[in-house]
Amino acid sequence: MPSVHVVGSLNADQLLEVTAFPGAGETVLGSGMRITAGGKGGNQAVAAARGGARTAMVGATGDDAHGRLVRDALDGAGVCTASVRTTAGAHTGLAVVLLEPGGDNRIIVTPGANASLTEADAAAGLAAVEPGDIVLLQLEIPPTVVAHAARTARARGATVVLNAAPAPTDSRALTRGDLDVLVVNDPEAHAVARLLGLAGHTTPEERVIALARALDALVVCTMGADGAYAAPAGGRRPALHVPAVPVVPVDTTAAGDTFTGYLAAALAEGVDDLSTALNRAAAAAALAVTRSGAMASIPARREVLRARASLPSAKD
């Protein structure tokens, strides 16, 4: 089966539980704190591996306890870390996560070693990519590295999946012809549309169709409790809508990463029905938000398939 290669960020997540988010100039007391492994790249690599794909990670950590924490978590999930570089003199990326009751969060990320990742690192880490493999990218590393990785992957015949998160502020990683799949949430979809000069699309369905046409790529927009919309390359109508799996959220931190990693695993597996792949990704994300933490919340494939089988419209 083709492999999933993730080029992206690796962070330690410092999770603080609060009764309410502080306002400007306000101090609030937290009710709990823990440090776990995370980062969009790392989370998505773990999700792809737990989704059943042979998965490798390309990234960078600092030479510190947080870096060892992240590596141990990746190794424990079965992710190959041979292309994870230790950066002397830099700290491992750190995300401070404020978590409210009910699962809503606010996240502040300082890149640390993630900012040291280079185009040469990406090229070396993708040297083993073969036609049919999946290369999964996000935007917590330098955009020039993301763009170079996409071009390298396409030249090797891989399928390029970009999760445009955090919301992009420039279009360097959004070149038509470099991407096969774009995954965004609704605010990120708005940001990408603005960068591409697309205006006047007022509904999620209209936006994914316009983006799919502009980028000539499959575009998936996740909408939380409203499910997800997807439009195939070229922007053919109508867009596919996948409903969310109803759950009571505990922590939404890694929901989008779980969705994206599971989607990449389904593509690597060769699932040719888009609805099946998206429903599987949605079920995985729904299970993740019922648990606390980032990597630690991502469910195993058997849990997801069992959850899918319990739904009336399940195809797995």
# chains A, B, ... in the order shown; residues from 1 in each chain; ligands from 1
$ residues_around --residues "A:Asp178" --least-positions-apart "3" --cutoff "8 Å" --atoms "only C-alpha atoms" --output "list in words"
Ala147, Ala150, Arg151, Arg154, Val160, Leu174 and Thr175 of chain A
$ closest_atom_pairs --of "stretch 42-79 of chain A" --to "stretch 86-103 of chain A" --cutoff "9 Å" --atoms "only C-alpha atoms" --output "CSV"
residue,atom,partner,partner_atom,distance
A:Gly59,CA,A:Thr86,CA,8.8
A:Ala60,CA,A:Thr86,CA,5.7
A:Thr61,CA,A:Thr92,CA,4.7
A:Gly62,CA,A:Thr92,CA,4.2
A:Asp63,CA,A:Thr86,CA,5.8
A:Asp64,CA,A:His91,CA,6.7
A:Ala65,CA,A:Thr92,CA,8.6
A:His66,CA,A:Thr92,CA,6.1
A:Gly67,CA,A:Thr92,CA,5.5
A:Val70,CA,A:Thr92,CA,8.9
$ residues_around --residues "A:Gly224" --least-positions-apart "4" --cutoff "10 Å" --atoms "only C-alpha atoms" --output "PyMOL selection string"
chain A and resi 185-186+228+243-245+252+255-256+282+285-286
$ residues_around --residues "A:Leu162" --least-positions-apart "6" --cutoff "6 Å" --atoms "only C-alpha atoms" --output "compact mmCIF listing (two decimals) with N, CA, C and O atoms, in the first residue's frame"
# COMPACT_ATOMS: atom_id res chain seq x y z
N LEU A 136 1.61 14.92 2.85
CA LEU A 136 0.67 15.72 3.63
C LEU A 136 1.41 16.91 4.24
O LEU A 136 2.41 16.74 4.93
N LEU A 137 0.87 18.12 4.01
CA LEU A 137 1.52 19.37 4.41
C LEU A 137 0.56 20.24 5.19
O LEU A 137 -0.66 20.15 5.02
N GLN A 138 1.11 21.11 6.05
CA GLN A 138 0.34 22.13 6.77
C GLN A 138 1.15 23.41 6.77
O GLN A 138 2.20 23.47 6.15
N LEU A 182 -6.97 20.09 -1.07
CA LEU A 182 -6.89 21.16 -0.08
C LEU A 182 -7.93 20.89 1.00
O LEU A 182 -9.11 20.69 0.69
$ closest_atom_pairs --of "stretch 26-133 of chain A" --to "stretch 264-281 of chain A" --cutoff "9 Å" --atoms "only C-alpha atoms" --output "Markdown table"
| residue | atom | partner | partner_atom | distance |
| --- | --- | --- | --- | --- |
| A:Gln44 | CA | A:Ala264 | CA | 8.8 |
| A:Ala47 | CA | A:Ala265 | CA | 8.1 |
| A:Ala48 | CA | A:Ala265 | CA | 4.9 |
| A:Ala49 | CA | A:Ala265 | CA | 7.4 |
| A:Arg50 | CA | A:Ala265 | CA | 8.6 |
| A:Gly51 | CA | A:Ala265 | CA | 5.6 |
| A:Gly52 | CA | A:Ala265 | CA | 6.4 |
| A:Ala53 | CA | A:Ala265 | CA | 5.1 |
| A:Arg54 | CA | A:Ala265 | CA | 8.4 |
| A:Thr55 | CA | A:Ala265 | CA | 8.8 |
| A:Gly132 | CA | A:Ala268 | CA | 7.5 |
| A:Asp133 | CA | A:Ala268 | CA | 6.5 |
$ select_by_dssp --residues "stretch 58-200 of chain A" --states "strand (DSSP E or B)" --output "ChimeraX atom specification"
/A:58-62,80-87,93-99,105-110,134-137,159-163,181-185
$ closest_residue --among "A:Ala231, A:Gly25, A:Ala212, A:Gly177" --to "A:Ala193" --atoms "only C-alpha atoms"
A:Ala212
$ select_by_dssp --residues "stretch 70-268 of chain A" --states "alpha helix (DSSP H)" --output "PyMOL selection string"
chain A and resi 70-76+119-125+143-155+186-195+204-215+255-268
$ closest_residue --among "A:Val181, A:Ala113, A:Val304, A:Met295" --to "A:Asp75" --atoms "only C-alpha atoms"
A:Met295
$ closest_residue --among "A:His5, A:Arg85, A:Arg306, A:Arg236" --to "A:Met57" --atoms "only C-alpha atoms"
A:His5
$ closest_residue --among "A:Glu17, A:Glu140, A:Asp180, A:Glu130" --to "A:Gly112" --atoms "only C-alpha atoms"
A:Glu140
$ residues_around --residues "A:Ser297" --least-positions-apart "5" --cutoff "8 Å" --atoms "only C-alpha atoms" --output "VMD selection string"
chain A and resid 254 287 to 292
$ write_last_selection --atoms "all heavy atoms" --output "PDB file, in the first residue's frame"
ATOM      1  N   ALA A 254      -7.481  18.554  18.467  1.00  0.00           N
ATOM      2  CA  ALA A 254      -6.917  17.827  17.319  1.00  0.00           C
ATOM      3  C   ALA A 254      -7.974  17.336  16.340  1.00  0.00           C
ATOM      4  O   ALA A 254      -7.697  16.452  15.532  1.00  0.00           O
ATOM      5  CB  ALA A 254      -6.086  16.645  17.818  1.00  0.00           C
ATOM      6  N   LEU A 287     -14.710  11.012  17.319  1.00  0.00           N
ATOM      7  CA  LEU A 287     -14.184  10.277  18.474  1.00  0.00           C
ATOM      8  C   LEU A 287     -13.086  11.075  19.176  1.00  0.00           C
ATOM      9  O   LEU A 287     -13.011  11.094  20.406  1.00  0.00           O
ATOM     10  CB  LEU A 287     -13.632   8.923  18.026  1.00  0.00           C
ATOM     11  CG  LEU A 287     -14.656   7.865  17.634  1.00  0.00           C
ATOM     12  CD1 LEU A 287     -13.949   6.626  17.083  1.00  0.00           C
ATOM     13  CD2 LEU A 287     -15.526   7.479  18.824  1.00  0.00           C
ATOM     14  N   ALA A 288     -12.243  11.764  18.395  1.00  0.00           N
ATOM     15  CA  ALA A 288     -11.136  12.521  18.987  1.00  0.00           C
ATOM     16  C   ALA A 288     -11.627  13.619  19.918  1.00  0.00           C
ATOM     17  O   ALA A 288     -11.018  13.865  20.970  1.00  0.00           O
ATOM     18  CB  ALA A 288     -10.257  13.110  17.885  1.00  0.00           C
ATOM     19  N   VAL A 289     -12.735  14.295  19.569  1.00  0.00           N
ATOM     20  CA  VAL A 289     -13.170  15.416  20.394  1.00  0.00           C
ATOM     21  C   VAL A 289     -13.843  14.969  21.689  1.00  0.00           C
ATOM     22  O   VAL A 289     -14.117  15.788  22.556  1.00  0.00           O
ATOM     23  CB  VAL A 289     -14.118  16.377  19.629  1.00  0.00           C
ATOM     24  CG1 VAL A 289     -13.444  16.902  18.371  1.00  0.00           C
ATOM     25  CG2 VAL A 289     -15.451  15.726  19.320  1.00  0.00           C
ATOM     26  N   THR A 290     -14.087  13.682  21.825  1.00  0.00           N
ATOM     27  CA  THR A 290     -14.646  13.179  23.084  1.00  0.00           C
ATOM     28  C   THR A 290     -13.556  12.878  24.091  1.00  0.00           C
ATOM     29  O   THR A 290     -13.848  12.405  25.199  1.00  0.00           O
ATOM     30  CB  THR A 290     -15.485  11.908  22.850  1.00  0.00           C
ATOM     31  OG1 THR A 290     -14.632  10.838  22.394  1.00  0.00           O
ATOM     32  CG2 THR A 290     -16.590  12.151  21.844  1.00  0.00           C
ATOM     33  N   ARG A 291     -12.299  13.148  23.728  1.00  0.00           N
ATOM     34  CA  ARG A 291     -11.149  12.858  24.584  1.00  0.00           C
ATOM     35  C   ARG A 291     -10.281  14.098  24.702  1.00  0.00           C
ATOM     36  O   ARG A 291     -10.284  14.958  23.833  1.00  0.00           O
ATOM     37  CB  ARG A 291     -10.319  11.717  23.989  1.00  0.00           C
ATOM     38  CG  ARG A 291     -11.134  10.464  23.702  1.00  0.00           C
ATOM     39  CD  ARG A 291     -10.398   9.519  22.789  1.00  0.00           C
ATOM     40  NE  ARG A 291     -11.201   8.332  22.524  1.00  0.00           N
ATOM     41  CZ  ARG A 291     -10.831   7.348  21.712  1.00  0.00           C
ATOM     42  NH1 ARG A 291      -9.677   7.428  21.066  1.00  0.00           N
ATOM     43  NH2 ARG A 291     -11.613   6.308  21.539  1.00  0.00           N
ATOM     44  N   SER A 292      -9.486  14.148  25.731  1.00  0.00           N
ATOM     45  CA  SER A 292      -8.619  15.291  25.953  1.00  0.00           C
ATOM     46  C   SER A 292      -7.242  15.052  25.345  1.00  0.00           C
ATOM     47  O   SER A 292      -6.766  13.913  25.259  1.00  0.00           O
ATOM     48  CB  SER A 292      -8.481  15.546  27.457  1.00  0.00           C
ATOM     49  OG  SER A 292      -7.735  16.721  27.698  1.00  0.00           O
TER      50      SER A 292
END
$ closest_residue --among "A:Val250, A:Leu139, A:Ser171, A:Leu240" --to "A:Leu215" --atoms "only C-alpha atoms"
A:Ser171
$ closest_residue --among "A:Ala82, A:Ser31, A:Ala294, A:Val184" --to "A:Val46" --atoms "only C-alpha atoms"
A:Ala294
$ residues_around --residues "A:Thr203" --least-positions-apart "5" --cutoff "12 Å" --atoms "only C-alpha atoms" --output "list of chain:residue names"
A:Asp186, A:Ala189, A:His190, A:Val208, A:Ile209, A:Ala210, A:Cys221, A:Met223, A:Tyr229, A:Ala239
$ write_last_selection --atoms "all heavy atoms" --output "PDB file, in the first residue's frame"
ATOM      1  N   ASP A 186     -13.834  26.480   7.900  1.00  0.00           N
ATOM      2  CA  ASP A 186     -14.534  27.602   7.264  1.00  0.00           C
ATOM      3  C   ASP A 186     -13.733  28.906   7.294  1.00  0.00           C
ATOM      4  O   ASP A 186     -13.602  29.569   6.252  1.00  0.00           O
ATOM      5  CB  ASP A 186     -15.910  27.789   7.914  1.00  0.00           C
ATOM      6  CG  ASP A 186     -16.828  28.670   7.070  1.00  0.00           C
ATOM      7  OD1 ASP A 186     -16.838  28.502   5.831  1.00  0.00           O
ATOM      8  OD2 ASP A 186     -17.519  29.530   7.642  1.00  0.00           O
ATOM      9  N   ALA A 189     -11.037  28.629   4.757  1.00  0.00           N
ATOM     10  CA  ALA A 189     -11.575  28.716   3.396  1.00  0.00           C
ATOM     11  C   ALA A 189     -11.771  30.174   2.984  1.00  0.00           C
ATOM     12  O   ALA A 189     -11.464  30.559   1.846  1.00  0.00           O
ATOM     13  CB  ALA A 189     -12.900  27.958   3.306  1.00  0.00           C
ATOM     14  N   HIS A 190     -12.286  30.997   3.906  1.00  0.00           N
ATOM     15  CA  HIS A 190     -12.428  32.429   3.628  1.00  0.00           C
ATOM     16  C   HIS A 190     -11.066  33.057   3.338  1.00  0.00           C
ATOM     17  O   HIS A 190     -10.932  33.862   2.400  1.00  0.00           O
ATOM     18  CB  HIS A 190     -13.081  33.137   4.813  1.00  0.00           C
ATOM     19  CG  HIS A 190     -14.565  32.976   4.892  1.00  0.00           C
ATOM     20  ND1 HIS A 190     -15.440  33.761   4.172  1.00  0.00           N
ATOM     21  CD2 HIS A 190     -15.327  32.112   5.603  1.00  0.00           C
ATOM     22  CE1 HIS A 190     -16.684  33.404   4.431  1.00  0.00           C
ATOM     23  NE2 HIS A 190     -16.650  32.402   5.303  1.00  0.00           N
ATOM     24  N   VAL A 208     -16.327  26.025  -1.689  1.00  0.00           N
ATOM     25  CA  VAL A 208     -15.516  24.859  -2.064  1.00  0.00           C
ATOM     26  C   VAL A 208     -15.527  24.665  -3.577  1.00  0.00           C
ATOM     27  O   VAL A 208     -14.500  24.275  -4.165  1.00  0.00           O
ATOM     28  CB  VAL A 208     -15.961  23.570  -1.334  1.00  0.00           C
ATOM     29  CG1 VAL A 208     -15.718  23.684   0.158  1.00  0.00           C
ATOM     30  CG2 VAL A 208     -17.384  23.182  -1.647  1.00  0.00           C
ATOM     31  N   ILE A 209     -16.634  24.946  -4.222  1.00  0.00           N
ATOM     32  CA  ILE A 209     -16.693  24.822  -5.680  1.00  0.00           C
ATOM     33  C   ILE A 209     -15.758  25.837  -6.333  1.00  0.00           C
ATOM     34  O   ILE A 209     -15.000  25.516  -7.255  1.00  0.00           O
ATOM     35  CB  ILE A 209     -18.144  24.992  -6.170  1.00  0.00           C
ATOM     36  CG1 ILE A 209     -18.981  23.781  -5.748  1.00  0.00           C
ATOM     37  CG2 ILE A 209     -18.183  25.178  -7.689  1.00  0.00           C
ATOM     38  CD1 ILE A 209     -20.466  23.948  -5.996  1.00  0.00           C
ATOM     39  N   ALA A 210     -15.791  27.089  -5.850  1.00  0.00           N
ATOM     40  CA  ALA A 210     -14.931  28.131  -6.418  1.00  0.00           C
ATOM     41  C   ALA A 210     -13.458  27.812  -6.194  1.00  0.00           C
ATOM     42  O   ALA A 210     -12.622  27.992  -7.087  1.00  0.00           O
ATOM     43  CB  ALA A 210     -15.279  29.486  -5.812  1.00  0.00           C
ATOM     44  N   CYS A 221     -13.910  21.262   2.990  1.00  0.00           N
ATOM     45  CA  CYS A 221     -14.063  22.270   4.037  1.00  0.00           C
ATOM     46  C   CYS A 221     -14.822  21.656   5.203  1.00  0.00           C
ATOM     47  O   CYS A 221     -15.982  21.249   5.051  1.00  0.00           O
ATOM     48  CB  CYS A 221     -14.808  23.493   3.512  1.00  0.00           C
ATOM     49  SG  CYS A 221     -15.017  24.808   4.751  1.00  0.00           S
ATOM     50  N   MET A 223     -16.740  21.812   8.800  1.00  0.00           N
ATOM     51  CA  MET A 223     -17.629  22.818   9.385  1.00  0.00           C
ATOM     52  C   MET A 223     -18.061  22.439  10.801  1.00  0.00           C
ATOM     53  O   MET A 223     -19.133  22.832  11.257  1.00  0.00           O
ATOM     54  CB  MET A 223     -18.866  22.968   8.499  1.00  0.00           C
ATOM     55  CG  MET A 223     -18.583  23.389   7.063  1.00  0.00           C
ATOM     56  SD  MET A 223     -18.098  25.113   6.934  1.00  0.00           S
ATOM     57  CE  MET A 223     -19.588  25.927   7.466  1.00  0.00           C
ATOM     58  N   TYR A 229     -18.031  19.866   3.549  1.00  0.00           N
ATOM     59  CA  TYR A 229     -18.389  19.989   2.148  1.00  0.00           C
ATOM     60  C   TYR A 229     -17.149  19.669   1.314  1.00  0.00           C
ATOM     61  O   TYR A 229     -16.024  20.009   1.697  1.00  0.00           O
ATOM     62  CB  TYR A 229     -18.869  21.398   1.814  1.00  0.00           C
ATOM     63  CG  TYR A 229     -20.235  21.728   2.362  1.00  0.00           C
ATOM     64  CD1 TYR A 229     -20.391  22.210   3.658  1.00  0.00           C
ATOM     65  CD2 TYR A 229     -21.379  21.533   1.583  1.00  0.00           C
ATOM     66  CE1 TYR A 229     -21.652  22.509   4.163  1.00  0.00           C
ATOM     67  CE2 TYR A 229     -22.637  21.837   2.079  1.00  0.00           C
ATOM     68  CZ  TYR A 229     -22.774  22.314   3.371  1.00  0.00           C
ATOM     69  OH  TYR A 229     -24.017  22.598   3.867  1.00  0.00           O
ATOM     70  N   ALA A 239     -21.656  20.267  -4.738  1.00  0.00           N
ATOM     71  CA  ALA A 239     -20.670  19.818  -3.765  1.00  0.00           C
ATOM     72  C   ALA A 239     -21.261  18.687  -2.924  1.00  0.00           C
ATOM     73  O   ALA A 239     -22.467  18.606  -2.719  1.00  0.00           O
ATOM     74  CB  ALA A 239     -20.251  20.976  -2.859  1.00  0.00           C
TER      75      ALA A 239
END
$ atom_distance --atom1 "atom CA of A:Phe259" --atom2 "atom CA of A:Ala167"
16.8 Å
